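Source file: entry.txt; contents: compact mmCIF, C-alpha atoms.
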# COMPACT_ATOMS: atom_id res chain seq x y z
CA MET Q 1 -151.77 -17.33 -64.10
CA TYR Q 2 -153.05 -16.99 -67.65
CA ARG Q 3 -151.15 -18.22 -70.61
CA GLN Q 4 -151.76 -17.22 -74.20
CA VAL Q 5 -153.26 -20.23 -75.93
CA GLU Q 6 -153.08 -20.55 -79.70
CA GLU Q 7 -156.23 -21.19 -81.70
CA SER Q 8 -156.90 -24.89 -82.09
CA GLN Q 9 -155.78 -26.06 -85.55
CA THR Q 10 -158.64 -28.56 -85.47
CA PHE Q 11 -161.25 -25.84 -84.97
CA LEU Q 12 -159.55 -23.67 -87.60
CA ILE Q 13 -159.75 -26.49 -90.15
CA ASN Q 14 -163.38 -27.10 -89.19
CA THR Q 15 -164.30 -23.43 -89.65
CA GLN Q 16 -162.53 -23.23 -93.01
CA SER Q 17 -164.16 -26.41 -94.28
CA LYS Q 18 -167.59 -25.12 -93.18
CA ASN Q 19 -166.96 -21.91 -95.14
CA LEU Q 20 -166.05 -23.91 -98.25
CA THR Q 21 -169.15 -26.10 -97.83
CA ALA Q 22 -171.27 -22.94 -97.60
CA GLN Q 23 -169.81 -21.95 -100.99
CA ASN Q 24 -171.17 -25.24 -102.38
CA LYS Q 25 -167.67 -26.70 -102.66
CA LYS Q 26 -167.24 -30.41 -102.07
CA VAL Q 27 -165.16 -30.94 -98.95
CA ILE Q 28 -163.81 -34.20 -97.59
CA LYS Q 29 -163.10 -33.49 -93.93
CA PHE Q 30 -160.16 -34.89 -92.05
CA GLY Q 31 -160.02 -32.16 -89.41
CA PHE Q 32 -162.54 -33.14 -86.78
CA GLY Q 33 -162.44 -36.56 -85.18
CA GLN Q 34 -166.22 -36.72 -85.18
CA SER Q 35 -167.77 -39.86 -86.54
CA PRO Q 36 -170.65 -39.48 -89.01
CA PHE Q 37 -172.01 -42.80 -87.72
CA LEU Q 38 -174.29 -43.45 -84.77
CA PRO Q 39 -172.91 -45.32 -81.77
CA PRO Q 40 -173.75 -49.05 -81.68
CA LYS Q 41 -177.42 -49.63 -80.81
CA SER Q 42 -176.48 -51.61 -77.68
CA VAL Q 43 -174.49 -48.60 -76.41
CA MET Q 44 -177.38 -46.19 -77.00
CA ILE Q 45 -179.81 -48.53 -75.20
CA ALA Q 46 -177.38 -48.89 -72.25
CA LEU Q 47 -177.00 -45.10 -72.05
CA GLU Q 48 -180.77 -44.60 -72.05
CA SER Q 49 -181.22 -47.18 -69.31
CA ALA Q 50 -178.57 -45.49 -67.13
CA VAL Q 51 -179.86 -41.94 -67.42
CA HIS Q 52 -181.58 -42.09 -64.01
CA HIS Q 53 -178.23 -42.60 -62.22
CA LYS Q 54 -177.63 -39.09 -60.93
CA GLU Q 55 -175.13 -39.87 -58.17
CA TYR Q 56 -171.44 -39.08 -58.53
CA SER Q 57 -169.60 -42.11 -59.77
CA SER Q 58 -166.07 -43.22 -58.91
CA VAL Q 59 -163.43 -40.66 -59.87
CA GLN Q 60 -161.11 -43.47 -60.95
CA GLY Q 61 -163.87 -45.14 -62.96
CA ASP Q 62 -166.38 -47.82 -61.98
CA LEU Q 63 -164.67 -51.03 -60.90
CA GLU Q 64 -166.76 -53.11 -63.32
CA LEU Q 65 -165.54 -50.96 -66.23
CA ARG Q 66 -161.92 -51.11 -65.05
CA GLU Q 67 -162.14 -54.89 -64.74
CA ASN Q 68 -163.42 -55.01 -68.31
CA MET Q 69 -160.47 -52.85 -69.37
CA VAL Q 70 -158.17 -55.42 -67.76
CA GLN Q 71 -159.71 -58.08 -70.03
CA PHE Q 72 -159.46 -55.75 -73.03
CA HIS Q 73 -155.74 -55.11 -72.59
CA LYS Q 74 -155.12 -58.80 -71.95
CA ALA Q 75 -156.93 -59.79 -75.14
CA HIS Q 76 -155.72 -57.01 -77.45
CA ASN Q 77 -152.27 -56.11 -76.14
CA GLY Q 78 -151.22 -59.16 -74.16
CA LEU Q 79 -150.78 -56.92 -71.12
CA GLN Q 80 -151.43 -57.75 -67.48
CA VAL Q 81 -152.83 -54.60 -65.87
CA ALA Q 82 -154.30 -54.41 -62.38
CA PRO Q 83 -157.71 -52.66 -62.16
CA GLU Q 84 -156.34 -50.31 -59.47
CA ASN Q 85 -153.80 -49.06 -62.03
CA ILE Q 86 -156.48 -48.05 -64.52
CA LEU Q 87 -157.92 -44.54 -64.66
CA ILE Q 88 -160.99 -43.91 -66.81
CA ALA Q 89 -161.28 -40.51 -68.52
CA PRO Q 90 -163.23 -38.99 -71.41
CA GLY Q 91 -160.43 -39.35 -73.95
CA SER Q 92 -156.67 -39.59 -73.83
CA LYS Q 93 -156.15 -35.82 -74.09
CA ILE Q 94 -157.16 -35.18 -70.48
CA LEU Q 95 -155.06 -38.12 -69.28
CA ILE Q 96 -151.93 -36.82 -71.01
CA TYR Q 97 -152.65 -33.34 -69.68
CA ASN Q 98 -152.92 -34.70 -66.13
CA ILE Q 99 -149.61 -36.53 -66.48
CA LEU Q 100 -147.94 -33.33 -67.75
CA MET Q 101 -149.42 -31.41 -64.84
CA SER Q 102 -147.61 -33.70 -62.42
CA PHE Q 103 -144.25 -32.35 -63.59
CA LYS Q 104 -143.01 -28.97 -62.43
CA LYS Q 105 -140.65 -28.82 -65.36
CA ALA Q 106 -139.75 -31.30 -68.04
CA ASP Q 107 -138.31 -31.54 -71.51
CA VAL Q 108 -141.03 -32.91 -73.77
CA PHE Q 109 -140.15 -34.84 -76.91
CA ILE Q 110 -142.86 -35.44 -79.48
CA PRO Q 111 -141.98 -37.29 -82.67
CA LEU Q 112 -143.38 -35.61 -85.81
CA GLN Q 113 -146.20 -38.11 -86.12
CA HIS Q 114 -148.70 -36.68 -83.65
CA GLY Q 115 -152.17 -35.17 -83.28
CA SER Q 116 -152.54 -31.46 -83.98
CA ARG Q 117 -153.54 -30.73 -80.39
CA MET Q 118 -150.33 -31.97 -78.80
CA HIS Q 119 -148.70 -28.55 -79.03
CA LEU Q 120 -151.74 -26.97 -77.39
CA ARG Q 121 -151.31 -29.41 -74.52
CA GLN Q 122 -147.68 -28.39 -74.15
CA ASN Q 123 -148.53 -24.71 -74.22
CA LEU Q 124 -151.18 -25.14 -71.54
CA GLN Q 125 -148.69 -26.87 -69.33
CA GLY Q 126 -145.72 -24.70 -70.35
CA THR Q 127 -143.27 -27.49 -69.79
CA ILE Q 128 -141.60 -27.41 -73.17
CA SER Q 129 -138.08 -26.09 -73.17
CA MET U 1 -141.64 -38.55 -74.75
CA ILE U 2 -145.17 -38.60 -76.08
CA LEU U 3 -145.85 -41.27 -78.70
CA ASN U 4 -149.17 -41.05 -80.51
CA TYR U 5 -149.70 -43.95 -82.88
CA PRO U 6 -151.39 -44.96 -85.12
CA GLY U 7 -151.80 -41.32 -86.16
CA ASN U 8 -155.09 -39.61 -86.94
CA PRO U 9 -156.15 -39.23 -89.72
CA ASP U 10 -153.45 -40.82 -91.88
CA GLY U 11 -152.93 -43.98 -89.80
CA LEU U 12 -149.15 -43.72 -89.80
CA THR U 13 -147.67 -46.02 -87.24
CA TYR U 14 -144.40 -47.48 -85.99
CA THR U 15 -142.91 -50.84 -86.84
CA GLU U 16 -141.86 -53.26 -84.11
CA ASP U 17 -138.19 -52.51 -84.84
CA GLU U 18 -138.77 -48.75 -84.58
CA LEU U 19 -140.59 -49.21 -81.26
CA LYS U 20 -137.74 -51.34 -79.96
CA ASP U 21 -135.23 -48.64 -80.96
CA ILE U 22 -137.30 -45.97 -79.22
CA ALA U 23 -137.65 -48.15 -76.11
CA GLN U 24 -133.91 -48.83 -76.02
CA ALA U 25 -133.08 -45.13 -76.32
CA ALA U 26 -135.70 -44.14 -73.74
CA LYS U 27 -134.36 -46.69 -71.28
CA ALA U 28 -130.77 -45.61 -71.80
CA LEU U 29 -131.64 -41.93 -71.32
CA ASN U 30 -134.15 -42.50 -68.50
CA ILE U 31 -137.01 -40.96 -70.47
CA LEU U 32 -140.62 -41.49 -69.42
CA VAL U 33 -142.74 -42.53 -72.40
CA ILE U 34 -146.43 -41.68 -72.64
CA ALA U 35 -148.00 -43.80 -75.38
CA ASP U 36 -151.38 -42.66 -76.71
CA GLU U 37 -152.62 -45.67 -78.69
CA ILE U 38 -156.30 -44.83 -78.81
CA TYR U 39 -156.45 -45.76 -82.51
CA GLY U 40 -154.62 -49.05 -82.03
CA LEU U 41 -157.68 -51.07 -83.02
CA LEU U 42 -157.88 -49.11 -86.29
CA ASP U 43 -154.54 -50.41 -87.51
CA HIS U 44 -155.84 -52.03 -90.70
CA SER U 45 -152.84 -54.31 -91.02
CA HIS U 46 -153.70 -55.65 -87.53
CA THR U 47 -150.10 -55.33 -86.46
CA HIS U 48 -150.50 -52.73 -83.73
CA LEU U 49 -148.00 -53.33 -80.96
CA SER U 50 -148.53 -51.61 -77.63
CA PHE U 51 -145.45 -49.77 -76.41
CA ALA U 52 -145.98 -51.35 -72.98
CA ASN U 53 -145.14 -54.71 -74.54
This structure in structure tokens:
Amino acid sequence: MYRQVEESQTFLINTQSKNLTAQNKKVIKFGFGQSPFLPPKSVMIALESAVHHKEYSSVQGDLELRENMVQFHKAHNGLQVAPENILIAPGSKILIYNILMSFKKADVFIPLQHGSRMHLRQNLQGTIS
Amino acid sequence: MILNYPGNPDGLTYTEDELKDIAQAAKALNILVIADEIYGLLDHSHTHLSFAN
């Protein structure tokens, strides 16, 4: 089943700011969450050294990474989380989407302070009422 | 209920008292809370409190 999906506000802002930049106007961008900085050098080196790993990795996330996340949450949030209760994903958007997908129907409350893509997530799921 | 704090790009966030109020209401009404705190480390006042606490 297809559902009409609204244009992403983030992409709209990005397109409009690009147009203004093309007109030689100074634009300070807050639309795209894309860092102008390079990743830390240690991360880039680690990525380069892992490029030969072509096998599928764990769907839940490598155990070593999940165990490091356990330490992270303990140190930063004071939380005790078991590694088997951690799911690694490329960003929180897909995780929230997966949670919403697990409900056939639900009332969704989102306080005003939220990212611009939250409504898109709701529309994709169609659970808002 | 989906909580997304601190917000991007303005960094708006909730105080401990506000989070407690939300938690109390969510518990009373049996509401599942999804907290997206990906920018928690960017709270410049270093007072970010995870909802799970």
- Once you count only C-alpha atoms, which residues of chain U turn out to be within 9 Å of chain Q? Could you give them as a ChimeraX atom specification? /U:1-10,12-13,34,36-38,41,48-50,52-53
Would you mind exporting the chosen residues as a PDB file, keeping the file's coordinate frame, restricted to C-alpha atoms?
ATOM      1  CA  MET U   1    -141.640 -38.550 -74.750  1.00  0.00           C
ATOM      2  CA  ILE U   2    -145.170 -38.600 -76.080  1.00  0.00           C
ATOM      3  CA  LEU U   3    -145.850 -41.270 -78.700  1.00  0.00           C
ATOM      4  CA  ASN U   4    -149.170 -41.050 -80.510  1.00  0.00           C
ATOM      5  CA  TYR U   5    -149.700 -43.950 -82.880  1.00  0.00           C
ATOM      6  CA  PRO U   6    -151.390 -44.960 -85.120  1.00  0.00           C
ATOM      7  CA  GLY U   7    -151.800 -41.320 -86.160  1.00  0.00           C
ATOM      8  CA  ASN U   8    -155.090 -39.610 -86.940  1.00  0.00           C
ATOM      9  CA  PRO U   9    -156.150 -39.230 -89.720  1.00  0.00           C
ATOM     10  CA  ASP U  10    -153.450 -40.820 -91.880  1.00  0.00           C
ATOM     11  CA  LEU U  12    -149.150 -43.720 -89.800  1.00  0.00           C
ATOM     12  CA  THR U  13    -147.670 -46.020 -87.240  1.00  0.00           C
ATOM     13  CA  ILE U  34    -146.430 -41.680 -72.640  1.00  0.00           C
ATOM     14  CA  ASP U  36    -151.380 -42.660 -76.710  1.00  0.00           C
ATOM     15  CA  GLU U  37    -152.620 -45.670 -78.690  1.00  0.00           C
ATOM     16  CA  ILE U  38    -156.300 -44.830 -78.810  1.00  0.00           C
ATOM     17  CA  LEU U  41    -157.680 -51.070 -83.020  1.00  0.00           C
ATOM     18  CA  HIS U  48    -150.500 -52.730 -83.730  1.00  0.00           C
ATOM     19  CA  LEU U  49    -148.000 -53.330 -80.960  1.00  0.00           C
ATOM     20  CA  SER U  50    -148.530 -51.610 -77.630  1.00  0.00           C
ATOM     21  CA  ALA U  52    -145.980 -51.350 -72.980  1.00  0.00           C
ATOM     22  CA  ASN U  53    -145.140 -54.710 -74.540  1.00  0.00           C
TER      23      ASN U  53
END
- Task: With a distance cut-off of 6 Å and all atoms listed in the file, select the neighbouring residues of range 50-66 of chain Q, excluding the residue or stretch itself and same-chain residues fewer than 5 positions from it, and output the selection as a list in words.
- Result: Pro83, Leu87 and Ile88 of chain Q
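CA of Asp21 in chain U is positioned 25.8 Å from CA of Tyr97 in chain Q.
Going from CA of Lys20 in chain U to CA of Ile94 in chain Q covers 27.0 Å.
In this model, the gap between CA of Asp43 in chain U and CA of Ser42 in chain Q comes to 24.1 Å.
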- Message: List as an MDAnalysis selection string the residues having at least one atom at most 9 Å from position (-139.4, -45.9, -73.2) as given in the file, counting all atoms listed in the file.
- Response: chainID U and resid 1 19:20 22:34 51:52
Could you write out the selected residues, including C-alpha atoms, as a JSON list (two decimals), keeping the file's coordinate frame?
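Everything below was put into out-v4.json:
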[["chain", "number", "residue", "atom", "x", "y", "z"],
["U", 1, "MET", "CA", -141.64, -38.55, -74.75],
["U", 19, "LEU", "CA", -140.59, -49.21, -81.26],
["U", 20, "LYS", "CA", -137.74, -51.34, -79.96],
["U", 22, "ILE", "CA", -137.30, -45.97, -79.22],
["U", 23, "ALA", "CA", -137.65, -48.15, -76.11],
["U", 24, "GLN", "CA", -133.91, -48.83, -76.02],
["U", 25, "ALA", "CA", -133.08, -45.13, -76.32],
["U", 26, "ALA", "CA", -135.70, -44.14, -73.74],
["U", 27, "LYS", "CA", -134.36, -46.69, -71.28],
["U", 28, "ALA", "CA", -130.77, -45.61, -71.80],
["U", 29, "LEU", "CA", -131.64, -41.93, -71.32],
["U", 30, "ASN", "CA", -134.15, -42.50, -68.50],
["U", 31, "ILE", "CA", -137.01, -40.96, -70.47],
["U", 32, "LEU", "CA", -140.62, -41.49, -69.42],
["U", 33, "VAL", "CA", -142.74, -42.53, -72.40],
["U", 34, "ILE", "CA", -146.43, -41.68, -72.64],
["U", 51, "PHE", "CA", -145.45, -49.77, -76.41],
["U", 52, "ALA", "CA", -145.98, -51.35, -72.98]]
Each side padded by 4 Å, which centre and which edge lengths in Å (one decimal) define the axis-aligned box around the listed atoms of range 12-25 of chain U? Give them as AutoDock Vina command-line options.
--center_x -141.1 --center_y -48.5 --center_z -82.9 --size_x 24.1 --size_y 17.5 --size_z 21.8
Extract range 27-119 of chain Q from the preceding block and save C-alpha atoms as a PDB file, in the first residue's frame.
ATOM      1  CA  VAL Q  27      23.501  31.761   4.194  1.00  0.00           C
ATOM      2  CA  ILE Q  28      24.024  30.253   7.627  1.00  0.00           C
ATOM      3  CA  LYS Q  29      22.525  26.776   7.385  1.00  0.00           C
ATOM      4  CA  PHE Q  30      20.634  25.106  10.173  1.00  0.00           C
ATOM      5  CA  GLY Q  31      18.624  22.764   7.958  1.00  0.00           C
ATOM      6  CA  PHE Q  32      20.861  19.799   7.296  1.00  0.00           C
ATOM      7  CA  GLY Q  33      22.455  17.902  10.151  1.00  0.00           C
ATOM      8  CA  GLN Q  34      25.638  17.477   8.135  1.00  0.00           C
ATOM      9  CA  SER Q  35      28.852  18.359   9.870  1.00  0.00           C
ATOM     10  CA  PRO Q  36      31.341  20.527   7.964  1.00  0.00           C
ATOM     11  CA  PHE Q  37      34.129  18.799   9.910  1.00  0.00           C
ATOM     12  CA  LEU Q  38      35.930  15.568   9.104  1.00  0.00           C
ATOM     13  CA  PRO Q  39      35.420  12.569  11.386  1.00  0.00           C
ATOM     14  CA  PRO Q  40      38.177  12.040  13.975  1.00  0.00           C
ATOM     15  CA  LYS Q  41      41.378  10.726  12.365  1.00  0.00           C
ATOM     16  CA  SER Q  42      41.270   7.550  14.474  1.00  0.00           C
ATOM     17  CA  VAL Q  43      37.784   6.791  13.104  1.00  0.00           C
ATOM     18  CA  MET Q  44      38.882   7.289   9.489  1.00  0.00           C
ATOM     19  CA  ILE Q  45      41.912   5.025  10.013  1.00  0.00           C
ATOM     20  CA  ALA Q  46      39.714   2.336  11.634  1.00  0.00           C
ATOM     21  CA  LEU Q  47      37.259   2.535   8.726  1.00  0.00           C
ATOM     22  CA  GLU Q  48      40.058   2.171   6.187  1.00  0.00           C
ATOM     23  CA  SER Q  49      41.478  -0.830   8.004  1.00  0.00           C
ATOM     24  CA  ALA Q  50      38.059  -2.543   8.077  1.00  0.00           C
ATOM     25  CA  VAL Q  51      37.170  -2.062   4.435  1.00  0.00           C
ATOM     26  CA  HIS Q  52      38.171  -5.635   3.525  1.00  0.00           C
ATOM     27  CA  HIS Q  53      35.468  -7.092   5.808  1.00  0.00           C
ATOM     28  CA  LYS Q  54      32.833  -7.979   3.238  1.00  0.00           C
ATOM     29  CA  GLU Q  55      30.832 -10.515   5.248  1.00  0.00           C
ATOM     30  CA  TYR Q  56      27.427  -9.684   6.693  1.00  0.00           C
ATOM     31  CA  SER Q  57      27.789  -8.543  10.262  1.00  0.00           C
ATOM     32  CA  SER Q  58      25.409  -9.119  13.159  1.00  0.00           C
ATOM     33  CA  VAL Q  59      21.953  -7.638  12.562  1.00  0.00           C
ATOM     34  CA  GLN Q  60      21.778  -6.584  16.201  1.00  0.00           C
ATOM     35  CA  GLY Q  61      25.257  -5.045  16.049  1.00  0.00           C
ATOM     36  CA  ASP Q  62      28.668  -6.536  16.820  1.00  0.00           C
ATOM     37  CA  LEU Q  63      28.911  -7.728  20.416  1.00  0.00           C
ATOM     38  CA  GLU Q  64      32.122  -5.753  20.986  1.00  0.00           C
ATOM     39  CA  LEU Q  65      30.339  -2.542  19.950  1.00  0.00           C
ATOM     40  CA  ARG Q  66      27.296  -3.329  22.103  1.00  0.00           C
ATOM     41  CA  GLU Q  67      29.539  -4.014  25.089  1.00  0.00           C
ATOM     42  CA  ASN Q  68      31.164  -0.625  24.526  1.00  0.00           C
ATOM     43  CA  MET Q  69      27.698   0.942  24.427  1.00  0.00           C
ATOM     44  CA  VAL Q  70      27.025  -0.640  27.828  1.00  0.00           C
ATOM     45  CA  GLN Q  71      30.090   1.184  29.181  1.00  0.00           C
ATOM     46  CA  PHE Q  72      29.014   4.405  27.454  1.00  0.00           C
ATOM     47  CA  HIS Q  73      25.548   4.427  29.026  1.00  0.00           C
ATOM     48  CA  LYS Q  74      27.015   3.522  32.409  1.00  0.00           C
ATOM     49  CA  ALA Q  75      29.506   6.390  32.251  1.00  0.00           C
ATOM     50  CA  HIS Q  76      27.290   9.068  30.680  1.00  0.00           C
ATOM     51  CA  ASN Q  77      23.782   8.229  31.869  1.00  0.00           C
ATOM     52  CA  GLY Q  78      24.345   6.092  34.944  1.00  0.00           C
ATOM     53  CA  LEU Q  79      22.300   3.341  33.299  1.00  0.00           C
ATOM     54  CA  GLN Q  80      22.774  -0.411  33.559  1.00  0.00           C
ATOM     55  CA  VAL Q  81      21.934  -1.853  30.145  1.00  0.00           C
ATOM     56  CA  ALA Q  82      22.533  -5.454  29.094  1.00  0.00           C
ATOM     57  CA  PRO Q  83      24.307  -5.878  25.718  1.00  0.00           C
ATOM     58  CA  GLU Q  84      21.493  -8.166  24.516  1.00  0.00           C
ATOM     59  CA  ASN Q  85      19.084  -5.246  24.965  1.00  0.00           C
ATOM     60  CA  ILE Q  86      21.065  -2.980  22.652  1.00  0.00           C
ATOM     61  CA  LEU Q  87      20.299  -2.666  18.950  1.00  0.00           C
ATOM     62  CA  ILE Q  88      22.765  -0.814  16.728  1.00  0.00           C
ATOM     63  CA  ALA Q  89      21.342   1.169  13.795  1.00  0.00           C
ATOM     64  CA  PRO Q  90      22.500   3.963  11.480  1.00  0.00           C
ATOM     65  CA  GLY Q  91      20.777   6.746  13.401  1.00  0.00           C
ATOM     66  CA  SER Q  92      17.816   7.010  15.729  1.00  0.00           C
ATOM     67  CA  LYS Q  93      15.330   7.681  12.917  1.00  0.00           C
ATOM     68  CA  ILE Q  94      15.284   4.055  11.765  1.00  0.00           C
ATOM     69  CA  LEU Q  95      15.034   2.815  15.350  1.00  0.00           C
ATOM     70  CA  ILE Q  96      11.994   4.989  16.083  1.00  0.00           C
ATOM     71  CA  TYR Q  97      10.448   3.923  12.784  1.00  0.00           C
ATOM     72  CA  ASN Q  98      10.930   0.257  13.698  1.00  0.00           C
ATOM     73  CA  ILE Q  99       9.295   0.790  17.082  1.00  0.00           C
ATOM     74  CA  LEU Q 100       6.324   2.529  15.419  1.00  0.00           C
ATOM     75  CA  MET Q 101       6.048  -0.340  12.945  1.00  0.00           C
ATOM     76  CA  SER Q 102       5.501  -2.751  15.821  1.00  0.00           C
ATOM     77  CA  PHE Q 103       2.165  -1.102  16.630  1.00  0.00           C
ATOM     78  CA  LYS Q 104      -0.897  -1.801  14.524  1.00  0.00           C
ATOM     79  CA  LYS Q 105      -2.490   1.367  15.784  1.00  0.00           C
ATOM     80  CA  ALA Q 106      -1.464   3.888  18.380  1.00  0.00           C
ATOM     81  CA  ASP Q 107      -2.010   7.458  19.447  1.00  0.00           C
ATOM     82  CA  VAL Q 108       1.299   9.272  19.083  1.00  0.00           C
ATOM     83  CA  PHE Q 109       2.106  12.292  21.217  1.00  0.00           C
ATOM     84  CA  ILE Q 110       5.020  14.483  20.215  1.00  0.00           C
ATOM     85  CA  PRO Q 111       5.789  17.569  22.286  1.00  0.00           C
ATOM     86  CA  LEU Q 112       6.440  20.677  20.167  1.00  0.00           C
ATOM     87  CA  GLN Q 113      10.183  20.447  20.631  1.00  0.00           C
ATOM     88  CA  HIS Q 114      11.075  17.862  17.997  1.00  0.00           C
ATOM     89  CA  GLY Q 115      13.015  17.266  14.788  1.00  0.00           C
ATOM     90  CA  SER Q 116      11.345  18.266  11.534  1.00  0.00           C
ATOM     91  CA  ARG Q 117      11.242  14.675  10.301  1.00  0.00           C
ATOM     92  CA  MET Q 118       9.090  13.327  13.119  1.00  0.00           C
ATOM     93  CA  HIS Q 119       5.881  14.057  11.228  1.00  0.00           C
TER      94      HIS Q 119
END
